[in-house]
>>> print(open('data_3.cif').read())   # mmCIF, C-alpha atoms
data_my_file
#
loop_
_atom_site.group_PDB
_atom_site.id
_atom_site.type_symbol
_atom_site.label_atom_id
_atom_site.label_comp_id
_atom_site.auth_asym_id
_atom_site.auth_seq_id
_atom_site.Cartn_x
_atom_site.Cartn_y
_atom_site.Cartn_z
ATOM 1 C CA MET A 154 55.609 -21.354 60.405
ATOM 2 C CA THR A 155 53.199 -23.742 62.109
ATOM 3 C CA LEU A 156 56.005 -25.921 63.420
ATOM 4 C CA ALA A 157 57.819 -22.864 64.779
ATOM 5 C CA LEU A 158 54.699 -21.715 66.608
ATOM 6 C CA LEU A 159 54.222 -25.154 68.127
ATOM 7 C CA CYS A 160 57.860 -25.299 69.246
ATOM 8 C CA LEU A 161 57.515 -21.905 70.916
ATOM 9 C CA TYR A 162 54.356 -23.127 72.628
ATOM 10 C CA LEU A 163 56.115 -26.288 73.818
ATOM 11 C CA ALA A 164 58.964 -24.213 75.243
ATOM 12 C CA ALA A 165 56.549 -21.895 77.020
ATOM 13 C CA THR A 166 54.364 -24.612 78.564
ATOM 14 C CA GLY A 167 57.074 -27.185 79.173
ATOM 15 C CA LEU A 168 59.924 -24.994 80.404
ATOM 16 C CA ALA A 169 59.071 -21.387 81.266
ATOM 17 C CA LEU A 170 55.531 -21.475 82.657
ATOM 18 C CA PRO A 171 56.032 -24.335 85.157
ATOM 19 C CA ARG A 172 58.895 -22.454 86.817
ATOM 20 C CA ARG A 173 56.663 -19.403 87.203
ATOM 21 C CA LEU A 174 53.718 -21.363 88.573
ATOM 22 C CA ALA A 175 55.587 -23.631 91.007
ATOM 23 C CA GLY A 176 54.882 -22.539 94.563
ATOM 24 C CA SER A 177 52.324 -19.948 93.459
ATOM 25 C CA ALA A 178 50.469 -18.580 96.477
ATOM 26 C CA ARG A 179 47.505 -17.729 94.236
ATOM 27 C CA LEU A 180 47.099 -21.347 93.170
ATOM 28 C CA GLN A 181 47.489 -22.496 96.768
ATOM 29 C CA THR A 182 44.493 -20.405 97.805
ATOM 30 C CA ARG A 183 42.390 -22.501 95.398
ATOM 31 C CA PRO A 184 44.138 -25.883 95.332
ATOM 32 C CA VAL A 185 41.502 -27.779 93.339
ATOM 33 C CA ALA A 186 41.556 -25.144 90.595
ATOM 34 C CA GLY A 187 45.347 -25.119 90.755
ATOM 35 C CA THR A 188 45.448 -28.883 90.291
ATOM 36 C CA ALA A 189 43.154 -28.568 87.281
ATOM 37 C CA LEU A 190 45.455 -25.926 85.774
ATOM 38 C CA TRP A 191 48.542 -28.142 86.063
ATOM 39 C CA LEU A 192 46.718 -31.111 84.539
ATOM 40 C CA ALA A 193 45.385 -28.912 81.720
ATOM 41 C CA LEU A 194 48.919 -27.711 80.950
ATOM 42 C CA MET A 195 50.122 -31.308 80.768
ATOM 43 C CA ALA A 196 47.285 -32.216 78.401
ATOM 44 C CA SER A 197 47.998 -29.131 76.282
ATOM 45 C CA PHE A 198 51.702 -29.986 76.074
ATOM 46 C CA ALA A 199 50.867 -33.524 74.965
ATOM 47 C CA VAL A 200 48.555 -32.239 72.202
ATOM 48 C CA ALA A 201 51.172 -29.727 71.033
ATOM 49 C CA LEU A 202 53.875 -32.411 71.003
ATOM 50 C CA LEU A 203 51.742 -34.698 68.840
ATOM 51 C CA LEU A 204 50.930 -31.905 66.401
ATOM 52 C CA ALA A 205 54.561 -30.785 66.231
ATOM 53 C CA ALA A 206 55.688 -34.353 65.535
ATOM 54 C CA HIS A 207 53.132 -34.660 62.761
ATOM 55 C CA HIS A 208 54.153 -31.379 61.123
ATOM 56 C CA ALA A 209 57.832 -32.331 61.375
ATOM 57 C CA VAL A 210 57.275 -35.709 59.694
ATOM 58 C CA GLU A 211 54.704 -34.591 57.108
ATOM 59 C CA PRO A 212 55.027 -30.818 56.720
ATOM 60 C CA PHE A 213 53.086 -30.749 53.450
ATOM 61 C CA ALA A 214 50.371 -33.256 54.326
ATOM 62 C CA HIS A 215 47.916 -30.359 54.528
ATOM 63 C CA GLU A 216 47.980 -26.581 54.804
ATOM 64 C CA PRO A 217 46.622 -25.532 58.169
ATOM 65 C CA ALA A 218 45.638 -21.927 58.563
ATOM 66 C CA GLY A 219 46.794 -21.510 62.143
ATOM 67 C CA LEU A 220 45.713 -18.360 63.951
ATOM 68 C CA LEU A 221 45.654 -16.476 60.645
ATOM 69 C CA GLY A 222 42.689 -18.588 59.646
ATOM 70 C CA LEU A 223 40.595 -16.776 62.234
ATOM 71 C CA ILE A 224 41.267 -13.348 60.682
ATOM 72 C CA PRO A 225 38.883 -12.529 57.818
ATOM 73 C CA HIS A 226 40.594 -12.097 54.425
ATOM 74 C CA ALA A 227 44.040 -12.667 55.918
ATOM 75 C CA GLU A 228 44.390 -15.888 53.951
ATOM 76 C CA PRO A 229 43.565 -16.570 50.287
ATOM 77 C CA ALA A 230 40.425 -18.467 49.513
ATOM 78 C CA PRO A 231 40.726 -22.174 50.302
ATOM 79 C CA PRO A 232 41.202 -24.610 47.431
ATOM 80 C CA LEU A 233 38.330 -26.599 46.081
ATOM 81 C CA ALA A 234 39.507 -29.693 47.904
ATOM 82 C CA PRO A 235 38.189 -29.719 51.472
ATOM 83 C CA HIS A 236 40.636 -28.922 54.275
ATOM 84 C CA THR A 237 41.114 -32.084 56.301
ATOM 85 C CA HIS A 238 42.489 -32.618 59.772
ATOM 86 C CA ASP A 239 44.320 -35.649 60.995
ATOM 87 C CA TRP A 240 42.074 -36.566 63.888
ATOM 88 C CA TRP A 241 43.576 -40.031 63.870
ATOM 89 C CA LEU A 242 46.857 -38.591 65.162
ATOM 90 C CA LEU A 243 45.239 -37.055 68.223
ATOM 91 C CA ALA A 244 43.149 -40.189 68.746
ATOM 92 C CA ALA A 245 46.219 -42.424 68.612
ATOM 93 C CA GLY A 246 48.116 -40.124 70.945
ATOM 94 C CA ALA A 247 45.224 -39.954 73.376
ATOM 95 C CA ALA A 248 44.973 -43.741 73.311
ATOM 96 C CA GLY A 249 48.678 -44.037 74.079
ATOM 97 C CA VAL A 250 48.501 -41.593 76.965
ATOM 98 C CA ALA A 251 45.398 -43.345 78.296
ATOM 99 C CA ALA A 252 47.265 -46.656 78.182
ATOM 100 C CA VAL A 253 50.132 -45.214 80.229
ATOM 101 C CA VAL A 254 47.714 -43.691 82.757
ATOM 102 C CA ALA A 255 45.879 -47.006 82.994
ATOM 103 C CA GLY A 256 49.169 -48.833 83.525
ATOM 104 C CA VAL A 257 50.243 -46.468 86.315
ATOM 105 C CA GLY A 258 46.800 -46.776 87.905
ATOM 106 C CA ALA A 259 46.838 -50.558 87.682
ATOM 107 C CA ARG A 260 50.263 -50.733 89.301
ATOM 108 C CA ALA A 261 49.155 -48.462 92.158
ATOM 109 C CA GLY A 262 45.959 -50.488 92.517
ATOM 110 C CA ARG A 263 47.891 -53.732 92.824
ATOM 111 C CA ALA A 264 50.150 -52.176 95.467
ATOM 112 C CA ARG A 265 47.094 -51.021 97.440
ATOM 113 C CA GLN A 266 45.517 -54.460 97.149
ATOM 114 C CA ARG A 267 48.629 -56.197 98.474
ATOM 115 C CA HIS A 268 48.913 -53.763 101.363
ATOM 116 C CA ARG A 269 45.192 -54.073 102.105
ATOM 117 C CA LYS A 270 45.500 -57.850 102.429
ATOM 118 C CA VAL A 271 48.364 -57.447 104.876
ATOM 119 C CA LEU A 272 46.432 -54.898 106.926
ATOM 120 C CA ASP A 273 43.375 -57.141 107.101
ATOM 121 C CA VAL A 274 45.587 -59.716 108.825
ATOM 122 C CA VAL A 275 47.788 -57.646 111.133
ATOM 123 C CA ALA A 276 45.687 -54.537 111.905
ATOM 124 C CA VAL A 277 42.737 -54.179 114.278
ATOM 125 C CA ARG A 278 39.673 -52.071 113.540
ATOM 126 C CA ASP A 279 38.989 -49.216 115.929
ATOM 127 C CA ARG A 280 35.265 -48.495 115.829
ATOM 128 C CA ARG A 281 35.639 -45.135 117.518
ATOM 129 C CA TRP A 282 37.749 -43.732 114.684
ATOM 130 C CA ASN A 283 36.440 -46.136 112.045
ATOM 131 C CA ALA A 284 40.055 -46.875 111.141
ATOM 132 C CA LEU A 285 42.544 -49.721 111.222
ATOM 133 C CA VAL A 286 45.111 -49.575 114.022
ATOM 134 C CA LEU A 287 48.545 -50.849 113.073
ATOM 135 C CA GLU A 288 50.812 -51.989 115.880
ATOM 136 C CA HIS A 289 53.783 -49.836 114.999
ATOM 137 C CA ALA A 290 55.704 -47.523 117.294
ATOM 138 C CA HIS A 291 56.369 -44.854 114.664
ATOM 139 C CA PRO A 292 53.493 -42.332 114.468
ATOM 140 C CA THR A 293 51.782 -42.324 111.094
ATOM 141 C CA VAL A 294 48.313 -41.764 109.640
ATOM 142 C CA TYR A 295 47.508 -42.600 106.019
ATOM 143 C CA CYS A 296 44.745 -43.923 103.789
ATOM 144 C CA LEU A 297 44.361 -46.545 101.091
ATOM 145 C CA PRO A 298 41.938 -44.971 98.578
ATOM 146 C CA GLY A 299 39.885 -46.704 95.938
ATOM 147 C CA ARG A 300 37.607 -49.690 96.387
ATOM 148 C CA ARG A 301 37.382 -50.909 99.971
ATOM 149 C CA SER A 302 39.209 -47.809 101.161
ATOM 150 C CA ARG A 303 40.954 -47.814 104.509
ATOM 151 C CA VAL A 304 42.224 -45.216 106.972
ATOM 152 C CA VAL A 305 45.233 -46.505 108.894
ATOM 153 C CA VAL A 306 46.489 -45.170 112.236
ATOM 154 C CA SER A 307 49.600 -46.525 113.915
ATOM 155 C CA ARG A 308 49.810 -47.211 117.632
ATOM 156 C CA GLY A 309 52.512 -44.557 117.815
ATOM 157 C CA ALA A 310 50.097 -41.949 116.433
ATOM 158 C CA LEU A 311 47.437 -42.911 118.983
ATOM 159 C CA GLU A 312 49.952 -42.375 121.764
ATOM 160 C CA LEU A 313 51.432 -39.157 120.362
ATOM 161 C CA LEU A 314 48.358 -37.218 119.224
ATOM 162 C CA ASP A 315 45.614 -35.898 121.441
ATOM 163 C CA GLU A 316 41.980 -36.497 120.537
ATOM 164 C CA ARG A 317 41.500 -33.351 118.441
ATOM 165 C CA GLN A 318 44.789 -33.773 116.582
ATOM 166 C CA LEU A 319 43.910 -37.342 115.735
ATOM 167 C CA ALA A 320 40.453 -36.227 114.592
ATOM 168 C CA ALA A 321 42.138 -33.682 112.299
ATOM 169 C CA ALA A 322 44.484 -36.269 110.792
ATOM 170 C CA VAL A 323 41.693 -38.792 110.217
ATOM 171 C CA ALA A 324 39.433 -36.104 108.712
ATOM 172 C CA HIS A 325 42.207 -35.159 106.289
ATOM 173 C CA GLU A 326 42.548 -38.755 105.119
ATOM 174 C CA ARG A 327 38.804 -39.183 104.699
ATOM 175 C CA GLU A 328 38.760 -36.108 102.464
ATOM 176 C CA HIS A 329 41.403 -37.736 100.269
ATOM 177 C CA ILE A 330 39.124 -40.740 99.902
ATOM 178 C CA ARG A 331 35.980 -38.688 99.374
ATOM 179 C CA GLY A 332 37.642 -36.450 96.798
ATOM 180 C CA ARG A 333 39.212 -39.414 94.935
ATOM 181 C CA HIS A 334 42.515 -37.567 94.934
ATOM 182 C CA HIS A 335 44.424 -40.683 93.935
ATOM 183 C CA LEU A 336 42.707 -40.502 90.530
ATOM 184 C CA LEU A 337 43.743 -36.871 90.056
ATOM 185 C CA ARG A 338 47.356 -37.801 90.732
ATOM 186 C CA LEU A 339 47.390 -40.507 88.068
ATOM 187 C CA PRO A 340 47.749 -38.214 84.998
ATOM 188 C CA ALA A 341 50.569 -36.277 86.668
ATOM 189 C CA ASP A 342 52.352 -39.509 87.623
ATOM 190 C CA ALA A 343 51.979 -40.870 84.086
ATOM 191 C CA PHE A 344 53.214 -37.601 82.557
ATOM 192 C CA ALA A 345 56.240 -37.664 84.858
ATOM 193 C CA LEU A 346 56.911 -41.284 83.899
ATOM 194 C CA LEU A 347 57.029 -40.321 80.220
ATOM 195 C CA LEU A 348 58.797 -36.939 80.469
ATOM 196 C CA GLY A 349 60.382 -36.952 83.902
ATOM 197 C CA ARG A 350 63.190 -34.460 83.172
ATOM 198 C CA LEU A 351 60.874 -31.851 81.715
ATOM 199 C CA PRO A 352 60.095 -29.072 84.243
ATOM 200 C CA LEU A 353 56.379 -29.386 83.519
ATOM 201 C CA ALA A 354 56.549 -33.096 84.404
ATOM 202 C CA ARG A 355 58.892 -32.820 87.383
ATOM 203 C CA LEU A 356 57.424 -29.686 88.958
ATOM 204 C CA GLY A 357 53.879 -30.526 87.899
ATOM 205 C CA ARG A 358 53.882 -33.879 89.641
ATOM 206 C CA ALA A 359 55.169 -32.334 92.876
ATOM 207 C CA GLU A 360 52.750 -29.397 92.692
ATOM 208 C CA VAL A 361 49.729 -31.626 92.015
ATOM 209 C CA ALA A 362 50.621 -33.768 95.035
ATOM 210 C CA LEU A 363 51.033 -30.671 97.237
ATOM 211 C CA LEU A 364 47.849 -28.971 96.016
ATOM 212 C CA LEU A 365 45.794 -32.108 96.614
ATOM 213 C CA GLU A 366 47.134 -32.244 100.166
ATOM 214 C CA MET A 367 46.035 -28.626 100.577
ATOM 215 C CA ALA A 368 42.615 -29.467 99.133
ATOM 216 C CA ALA A 369 42.230 -32.215 101.741
ATOM 217 C CA ASP A 370 43.379 -29.756 104.422
ATOM 218 C CA ASP A 371 40.705 -27.261 103.369
ATOM 219 C CA ALA A 372 37.961 -29.871 103.349
ATOM 220 C CA ALA A 373 39.020 -31.162 106.776
ATOM 221 C CA LEU A 374 38.696 -27.632 108.204
ATOM 222 C CA ALA A 375 34.928 -28.079 108.101
ATOM 223 C CA ARG A 376 35.361 -30.509 111.015
ATOM 224 C CA VAL A 377 38.458 -29.296 112.866
ATOM 225 C CA SER A 378 40.246 -26.002 113.474
ATOM 226 C CA ARG A 379 43.320 -24.722 111.683
ATOM 227 C CA SER A 380 45.428 -24.975 114.818
ATOM 228 C CA GLU A 381 44.394 -28.590 115.430
ATOM 229 C CA LEU A 382 45.257 -29.621 111.882
ATOM 230 C CA ALA A 383 48.528 -27.685 111.899
ATOM 231 C CA SER A 384 49.608 -29.217 115.205
ATOM 232 C CA ALA A 385 48.777 -32.695 113.904
ATOM 233 C CA LEU A 386 50.894 -32.074 110.809
ATOM 234 C CA CYS A 387 53.828 -30.899 112.923
ATOM 235 C CA ALA A 388 53.545 -33.905 115.225
ATOM 236 C CA LEU A 389 53.528 -36.318 112.285
ATOM 237 C CA ALA A 390 56.207 -34.500 110.278
ATOM 238 C CA THR A 391 58.722 -37.306 110.821
ATOM 239 C CA SER A 392 56.321 -40.032 109.703
ATOM 240 C CA PRO A 393 57.773 -42.540 107.258
ATOM 241 C CA ALA A 394 56.622 -42.415 103.659
ATOM 242 C CA PRO A 395 53.320 -44.265 103.246
ATOM 243 C CA PRO A 396 53.323 -47.454 101.161
ATOM 244 C CA GLY A 397 52.842 -47.268 97.409
ATOM 245 C CA GLY A 398 49.363 -46.271 96.268
ATOM 246 C CA SER A 399 48.445 -44.649 99.582
ATOM 247 C CA LEU A 400 48.226 -41.034 100.739
ATOM 248 C CA GLY A 401 49.734 -39.881 104.026
ATOM 249 C CA VAL A 402 48.630 -36.855 106.012
ATOM 250 C CA ALA A 403 52.214 -35.647 106.564
ATOM 251 C CA ALA A 404 53.866 -37.108 103.485
ATOM 252 C CA THR A 405 54.054 -33.929 101.355
ATOM 253 C CA GLY A 406 54.944 -30.291 101.985
ATOM 254 C CA VAL A 407 54.305 -30.162 105.740
ATOM 255 C CA LEU A 408 56.081 -26.842 106.324
ATOM 256 C CA THR A 409 54.376 -25.145 103.371
ATOM 257 C CA ARG A 410 50.972 -26.417 104.480
ATOM 258 C CA VAL A 411 51.461 -25.334 108.095
ATOM 259 C CA ARG A 412 52.438 -21.840 106.947
ATOM 260 C CA ARG A 413 49.374 -21.756 104.713
ATOM 261 C CA LEU A 414 47.101 -22.810 107.589
ATOM 262 C CA ALA A 415 48.559 -19.971 109.660
ATOM 263 C CA ARG A 416 47.396 -17.425 107.077
ATOM 264 C CA PRO A 417 43.871 -16.156 107.701
ATOM 265 C CA GLY A 418 41.010 -16.606 105.277
ATOM 266 C CA GLY A 419 40.711 -18.588 102.056
ATOM 267 C CA GLY A 420 40.902 -17.990 98.371
ATOM 268 C CA ARG A 421 38.794 -15.526 96.407
ATOM 269 C CA ARG A 422 35.570 -16.864 94.972
ATOM 270 C CA ARG A 423 35.117 -14.346 92.172
ATOM 271 C CA ARG A 424 35.453 -15.151 88.493
ATOM 272 C CA ARG A 425 35.222 -18.884 89.123
ATOM 273 C CA ALA A 426 33.367 -19.557 85.859
ATOM 274 C CA ALA A 427 35.939 -17.628 83.821
ATOM 275 C CA TRP A 428 38.778 -19.532 85.484
ATOM 276 C CA TRP A 429 37.311 -22.946 84.726
ATOM 277 C CA ALA A 430 36.472 -21.926 81.158
ATOM 278 C CA GLY A 431 40.117 -20.959 80.681
ATOM 279 C CA VAL A 432 41.327 -24.251 82.170
ATOM 280 C CA VAL A 433 39.074 -26.238 79.826
ATOM 281 C CA ALA A 434 40.298 -24.210 76.829
ATOM 282 C CA ILE A 435 44.029 -24.681 77.504
ATOM 283 C CA PRO A 436 44.297 -28.190 75.946
ATOM 284 C CA LEU A 437 42.703 -26.791 72.758
ATOM 285 C CA LEU A 438 45.254 -24.006 72.244
ATOM 286 C CA PRO A 439 47.809 -26.105 70.313
ATOM 287 C CA TYR A 440 45.161 -27.184 67.842
ATOM 288 C CA LEU A 441 44.119 -23.559 67.454
ATOM 289 C CA LEU A 442 47.725 -22.609 66.724
ATOM 290 C CA ALA A 443 48.234 -25.372 64.180
ATOM 291 C CA CYS A 444 44.919 -26.212 62.589
ATOM 292 C CA ALA A 445 42.423 -23.399 62.939
ATOM 293 C CA PRO A 446 40.009 -23.534 59.982
ATOM 294 C CA HIS A 447 39.949 -21.017 57.147
ATOM 295 C CA PRO A 448 37.180 -18.403 57.411
#
>>> encode(input="data_3.cif", output="structure tokens")
Amino acid sequence: MTLALLCLYLAATGLALPRRLAGSARLQTRPVAGTALWLALMASFAVALLLAAHHAVEPFAHEPAGLLGLIPHAEPAPPLAPHTHDWWLLAAGAAGVAAVVAGVGARAGRARQRHRKVLDVVAVRDRRWNALVLEHAHPTVYCLPGRRSRVVVSRGALELLDERQLAAAVAHEREHIRGRHHLLRLPADAFALLLGRLPLARLGRAEVALLLEMAADDAALARVSRSELASALCALATSPAPPGGSLGVAATGVLTRVRRLARPGGGRRRRRAAWWAGVVAIPLLPYLLACAPHP
């Protein structure tokens, strides 16, 4: 029974729910909360997968109560022997996932370091924009986050964008750096590396990248107008993909973001505490399904 419940949960979170959430306008009104929801679903799927594997290999190792354990008198009295939980399984799984995330982060960090060394040689600092100017005809604006962060503007972008558009693009990149968005992308990238064909991995990685771009858009609107940011995105829509480990202002979902900027107003602020409490609880649901204690 427990294994069946976990398999149903895996199907719901890994297959059905991601297809319903992808492109959700409600999540796009609150992109930071939407990012947290996707990451919580990935964590919850990982916990459920570990528990399902354990119950498949050792179905009689213990007798978990599941959700029935929360209903008074629904289960017979527990045996004299204490009910134990295999915390080591979750700890080992968490350590494995952390190792993959660390590996993905280290690889991205090395790519940023190599690119940073090249930029320090070939680029020139522009004190007005506090950015590095790269002598390249193709218009592009991107950032290298992390330690010794950089904002990079190509010569083509300086010639193409007017002053306010360039201010919008640079503000967007600085919000990526300030919000440490590269760290929020790491779990989604690692999850996609492990389970790339799964809809939760494939769609989740793309949605996290898009929502973080929207979060940077929203933060940049404190300094520039919607029209200025939208026009900068349109002008840079043909920019080449930024180098590995970096974040580009027009690298992800330009059309979707421009349409979003054209809509008036922002997301609702009500029930924020309830939303975040639900997001925090999502990774615990598989354990509740499989190993809830007896009353």
>>> residues_around(input="data_3.cif", residues="Thr391 (chain A)", least_positions_apart="5", cutoff="10 Å", atoms="all atoms listed in the file", output="PyMOL selection string")
chain A and resi 291-293+386+403-404+407
>>> resolve_selection(input="data_3.cif", expression="the PyMOL selection byres ((chain A and resi 400) around 6)", output="number ranges by chain")
A: 295-296, 399, 401
>>> resolve_selection(input="data_3.cif", expression="the PyMOL selection byres ((chain A and resi 158) around 10)", output="JSON, numbers by chain")
{"A": [154, 155, 156, 157, 159, 160, 161, 162, 163, 164, 201, 205, 219, 220, 439, 442, 443]}
>>> atom_distance(input="data_3.cif", atom1="CA of Lys270 (chain A)", atom2="CA of Leu285 (chain A)")
12.3 Å
>>> atom_distance(input="data_3.cif", atom1="CA of Leu348 (chain A)", atom2="CA of Gly249 (chain A)")
13.9 Å
>>> axis_aligned_box(input="data_3.cif", around="region 313-322 of chain A", padding_each_side="5 Å", output="lines of an AutoDock Vina configuration file")
center_x = 45.9
center_y = -36.3
center_z = 116.1
size_x = 21.0
size_y = 15.8
size_z = 20.6
>>> closest_residue(input="data_3.cif", among="A:Val305, A:Leu339, A:Val294, A:Ala169", to="Val253 (chain A)", atoms="all atoms listed in the file")
A:Leu339
>>> atom_distance(input="data_3.cif", atom1="CA of Trp191 (chain A)", atom2="CA of Val257 (chain A)")
18.4 Å
>>> decode(input="data_3.cif", residues="region 316-330 of chain A", atoms="N, CA and C atoms", output="mmCIF file, in the first residue's frame")
data_model
loop_
_atom_site.group_PDB
_atom_site.id
_atom_site.type_symbol
_atom_site.label_atom_id
_atom_site.label_comp_id
_atom_site.auth_asym_id
_atom_site.auth_seq_id
_atom_site.Cartn_x
_atom_site.Cartn_y
_atom_site.Cartn_z
ATOM 1 N N GLU A 316 20.396 55.404 -24.158
ATOM 2 C CA GLU A 316 20.880 55.463 -22.777
ATOM 3 C C GLU A 316 19.935 54.761 -21.802
ATOM 4 N N ARG A 317 18.628 54.967 -21.950
ATOM 5 C CA ARG A 317 17.676 54.375 -21.024
ATOM 6 C C ARG A 317 17.547 52.866 -21.245
ATOM 7 N N GLN A 318 17.604 52.433 -22.491
ATOM 8 C CA GLN A 318 17.564 50.997 -22.761
ATOM 9 C C GLN A 318 18.787 50.293 -22.187
ATOM 10 N N LEU A 319 19.933 50.913 -22.335
ATOM 11 C CA LEU A 319 21.144 50.320 -21.788
ATOM 12 C C LEU A 319 21.089 50.295 -20.261
ATOM 13 N N ALA A 320 20.548 51.357 -19.669
ATOM 14 C CA ALA A 320 20.380 51.383 -18.212
ATOM 15 C C ALA A 320 19.469 50.243 -17.758
ATOM 16 N N ALA A 321 18.417 49.967 -18.533
ATOM 17 C CA ALA A 321 17.494 48.884 -18.188
ATOM 18 C C ALA A 321 18.197 47.533 -18.259
ATOM 19 N N ALA A 322 18.972 47.309 -19.316
ATOM 20 C CA ALA A 322 19.664 46.035 -19.472
ATOM 21 C C ALA A 322 20.696 45.820 -18.363
ATOM 22 N N VAL A 323 21.452 46.863 -18.046
ATOM 23 C CA VAL A 323 22.461 46.752 -16.992
ATOM 24 C C VAL A 323 21.795 46.545 -15.633
ATOM 25 N N ALA A 324 20.685 47.240 -15.381
ATOM 26 C CA ALA A 324 19.969 47.063 -14.113
ATOM 27 C C ALA A 324 19.470 45.632 -13.972
ATOM 28 N N HIS A 325 18.977 45.057 -15.047
ATOM 29 C CA HIS A 325 18.525 43.665 -15.025
ATOM 30 C C HIS A 325 19.668 42.727 -14.620
ATOM 31 N N GLU A 326 20.833 42.924 -15.211
ATOM 32 C CA GLU A 326 21.962 42.056 -14.889
ATOM 33 C C GLU A 326 22.433 42.236 -13.454
ATOM 34 N N ARG A 327 22.394 43.448 -12.959
ATOM 35 C CA ARG A 327 22.812 43.681 -11.570
ATOM 36 C C ARG A 327 21.840 43.015 -10.592
ATOM 37 N N GLU A 328 20.571 42.929 -10.971
ATOM 38 C CA GLU A 328 19.614 42.233 -10.108
ATOM 39 C C GLU A 328 19.875 40.732 -10.096
ATOM 40 N N HIS A 329 20.334 40.177 -11.208
ATOM 41 C CA HIS A 329 20.751 38.773 -11.199
ATOM 42 C C HIS A 329 21.874 38.555 -10.186
ATOM 43 N N ILE A 330 22.844 39.459 -10.201
ATOM 44 C CA ILE A 330 23.976 39.324 -9.289
ATOM 45 C C ILE A 330 23.533 39.519 -7.850
#
